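**Student:** Sharing a structure, written as structure tokens. Questions coming.
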Amino acid sequence: MDTTPRSASTGIHPSATVHSTAIVSDSAAIGANAVIEAHAVIGDNAQIGPNSFIGERVKIGSGTKLWPSVTIYHDVEIGSDCLFQANSVVGSDGFGYANERGQWVKIPQLGSVIIGNKVEIGASTTIDRGALDNTIIHSNVIIDNQCQIAHNVEVNSGTAIAGCTVLAGSVTIGKNCQIGGMVAINGHMSVCDGVIITGMSMVTKSITEPGIYSSGMPHTTNKEWRKSIAHLRNLSDMKSRLKALEALAKS
């Protein structure tokens, strides 16, 4: 039996703060202590959970549900029938800085986040706004808890991303991909359609062919692990010795 409540909120709670210029559908619901900023648009049957924050000019489509304490920064656009779990953050600044003589100087993040229809975002997941262009999450994407989606990432339709995965800046993920938990994908990489990446993999170059990709090392006993690492550290020496033997065999 599903014990999850159907509604994140009902009606407009007296403690909610709704700016006079915000447009809120008569059928929308806004929970206790939620804040709706200027010129935001909340669609039909949308539900904004308690303590959530909806920034200026945000657009939220019909039937979209935000559970408690969700934060949507300014200018973000969210489609219809989406689901955001508690404490998710959309539209926060991307990690953009320049180093000038040892001092970090913040680069303004001028883009936004565009989210399609029927997208689900897990609890405490963060999706950063773009630096110049937008971060884009296409329709029918599901993202698990505690994921980090950096600025200017694009995730195409039908893709699923498991918990604690990190997509660095300007990564592009194709359609119908499955990305396991704790995967890390380096910045500016692209992953084509139909790729499966198993958990704890590190993607350091673009993937251009569909298939299953792995790099995480399975666990073993500590004794066996120490032996394997000792061999790993000697790979360069072993390679040199092998080349020398091959040259000797050919002479």
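In the structure tokens, chains take letters A, B, ... by order of appearance, with residues numbered from 1 within each chain and ligands from 1 in the order shown.
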With a cut-off of 12 Å, could you pull out the residues of range 60-143 of chain A touching range 171-188 of chain A and give me the nearest pair of atoms for each, distance in Å to one decimal, using only C-alpha atoms, ordered by chain and ascending number, as a Markdown table?
**Tutor:**
```
| residue | atom | partner | partner_atom | distance |
| --- | --- | --- | --- | --- |
| A:Phe95 | CA | A:Gly187 | CA | 11.6 |
| A:Gly130 | CA | A:Val171 | CA | 11.6 |
| A:Thr135 | CA | A:Val171 | CA | 9.8 |
| A:Ile136 | CA | A:Thr172 | CA | 9.5 |
| A:Ile137 | CA | A:Ile173 | CA | 9.7 |
| A:His138 | CA | A:Lys175 | CA | 9.2 |
| A:Ser139 | CA | A:Lys175 | CA | 10.3 |
| A:Asn140 | CA | A:Asn176 | CA | 9.5 |
| A:Val141 | CA | A:Asn176 | CA | 8.7 |
| A:Ile142 | CA | A:Gln178 | CA | 9.8 |
| A:Ile143 | CA | A:Ile179 | CA | 9.5 |
```
**Student:** Quick one: everything within 7 Å of range 49-62 of chain A, counting only C-alpha atoms, minus sequence neighbours fewer than 4 positions away in the same chain. Send it as a PyMOL selection string.
**Tutor:** chain A and resi 8-9+30-45+66-81
**Student:** Given only C-alpha atoms as the basis, pick out the residue of A:Ala131, A:Leu83, A:Ile48, A:Ile161 nearest to Val18 in chain A.
**Tutor:** A:Ile48
**Student:** Counting only C-alpha atoms, figure out which residue out of A:Arg129, A:Lys223, A:Ala98, A:Ala249 gets nearest to Val113 in chain A.
**Tutor:**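 Checking each candidate against Val113 in chain A, we get A:Arg129 as the closest.
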**Student:** Out of range 51-246 of chain A, which residues get alpha helix (DSSP H) from DSSP, as a PyMOL selection string?
**Tutor:** chain A and resi 222-233+235-246
**Student:** Would you write out those residues with N, CA and C atoms, as a compact mmCIF listing (two decimals), in the first residue's frame?
**Tutor:**
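out10.txt written:
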```txt
# COMPACT_ATOMS: atom_id res chain seq x y z
N ASN A 222 40.79 -6.89 1.85
CA ASN A 222 41.85 -5.90 1.97
C ASN A 222 43.20 -6.48 1.53
N LYS A 223 43.43 -7.74 1.86
CA LYS A 223 44.70 -8.39 1.49
C LYS A 223 44.85 -8.45 -0.02
N GLU A 224 43.77 -8.86 -0.70
CA GLU A 224 43.82 -8.95 -2.16
C GLU A 224 43.94 -7.57 -2.80
N TRP A 225 43.25 -6.58 -2.22
CA TRP A 225 43.31 -5.22 -2.72
C TRP A 225 44.73 -4.66 -2.65
N ARG A 226 45.40 -4.87 -1.52
CA ARG A 226 46.76 -4.37 -1.36
C ARG A 226 47.71 -5.01 -2.38
N LYS A 227 47.53 -6.29 -2.65
CA LYS A 227 48.36 -6.97 -3.64
C LYS A 227 48.11 -6.39 -5.04
N SER A 228 46.81 -6.15 -5.34
CA SER A 228 46.47 -5.61 -6.67
C SER A 228 47.05 -4.23 -6.86
N ILE A 229 46.97 -3.39 -5.84
CA ILE A 229 47.51 -2.03 -5.93
C ILE A 229 49.03 -2.06 -6.08
N ALA A 230 49.68 -2.98 -5.40
CA ALA A 230 51.13 -3.11 -5.54
C ALA A 230 51.50 -3.44 -6.99
N HIS A 231 50.74 -4.35 -7.61
CA HIS A 231 50.99 -4.67 -9.01
C HIS A 231 50.69 -3.47 -9.91
N LEU A 232 49.61 -2.75 -9.58
CA LEU A 232 49.23 -1.60 -10.39
C LEU A 232 50.33 -0.55 -10.41
N ARG A 233 50.97 -0.34 -9.28
CA ARG A 233 52.03 0.66 -9.19
C ARG A 233 53.25 0.26 -10.01
N LEU A 235 53.10 -1.27 -12.98
CA LEU A 235 52.72 -1.52 -14.38
C LEU A 235 53.70 -0.89 -15.36
N SER A 236 54.14 0.35 -15.08
CA SER A 236 55.06 1.02 -16.00
C SER A 236 56.37 0.25 -16.14
N ASP A 237 56.89 -0.21 -15.01
CA ASP A 237 58.13 -0.99 -15.04
C ASP A 237 57.92 -2.30 -15.78
N MET A 238 56.77 -2.95 -15.51
CA MET A 238 56.48 -4.22 -16.18
C MET A 238 56.32 -4.02 -17.69
N LYS A 239 55.74 -2.90 -18.10
CA LYS A 239 55.58 -2.61 -19.52
C LYS A 239 56.94 -2.42 -20.18
N SER A 240 57.83 -1.70 -19.51
CA SER A 240 59.18 -1.49 -20.07
C SER A 240 59.92 -2.81 -20.21
N ARG A 241 59.82 -3.66 -19.21
CA ARG A 241 60.50 -4.95 -19.26
C ARG A 241 59.92 -5.84 -20.37
N LEU A 242 58.59 -5.77 -20.55
CA LEU A 242 57.95 -6.55 -21.60
C LEU A 242 58.40 -6.09 -22.98
N LYS A 243 58.50 -4.77 -23.17
CA LYS A 243 58.98 -4.25 -24.46
C LYS A 243 60.40 -4.70 -24.73
N ALA A 244 61.24 -4.69 -23.69
CA ALA A 244 62.62 -5.14 -23.84
C ALA A 244 62.69 -6.61 -24.23
N LEU A 245 61.83 -7.43 -23.62
CA LEU A 245 61.81 -8.86 -23.96
C LEU A 245 61.32 -9.09 -25.39
N GLU A 246 60.30 -8.30 -25.80
CA GLU A 246 59.78 -8.42 -27.17
C GLU A 246 60.87 -8.05 -28.19
```
**Student:** Could you please write out, as a PyMOL selection string, every residue of range 32-164 of chain A that DSSP assigns to strand (DSSP E or B)?
**Tutor:** chain A and resi 35-36+41-42+47-48+53-54+59-60+65-66+71-72+77-78+83-84+89-92+97-100+103-106+113-115+120-121+126-128+135-137+142-143+148-149+154-155+160-161
**Student:** Pick out the residues sitting within 12 Å of Asp128 in chain A, and hand them over as a ChimeraX atom specification; count only C-alpha atoms, and ignore anything fewer than 2 positions along from it in its own chain.
**Tutor:** /A:71-74,76,88-96,109-115,125-126,130-137,147-154,166-170
**Student:** List as a list in words the protein and nucleic acid residues near Ser124 in chain A, meaning an atom at most 6 Å away when only C-alpha atoms are counted, but skip any in the same chain fewer than 2 places from it.
**Tutor:**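 Contacts, with the query itself left out: Asn87, Ser88, Asn145 and Gln146 of chain A.
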**Student:** Interatomic distance between CA of Ser20 in chain A and CA of Ser7 in chain A?
**Tutor:** 24.9 Å
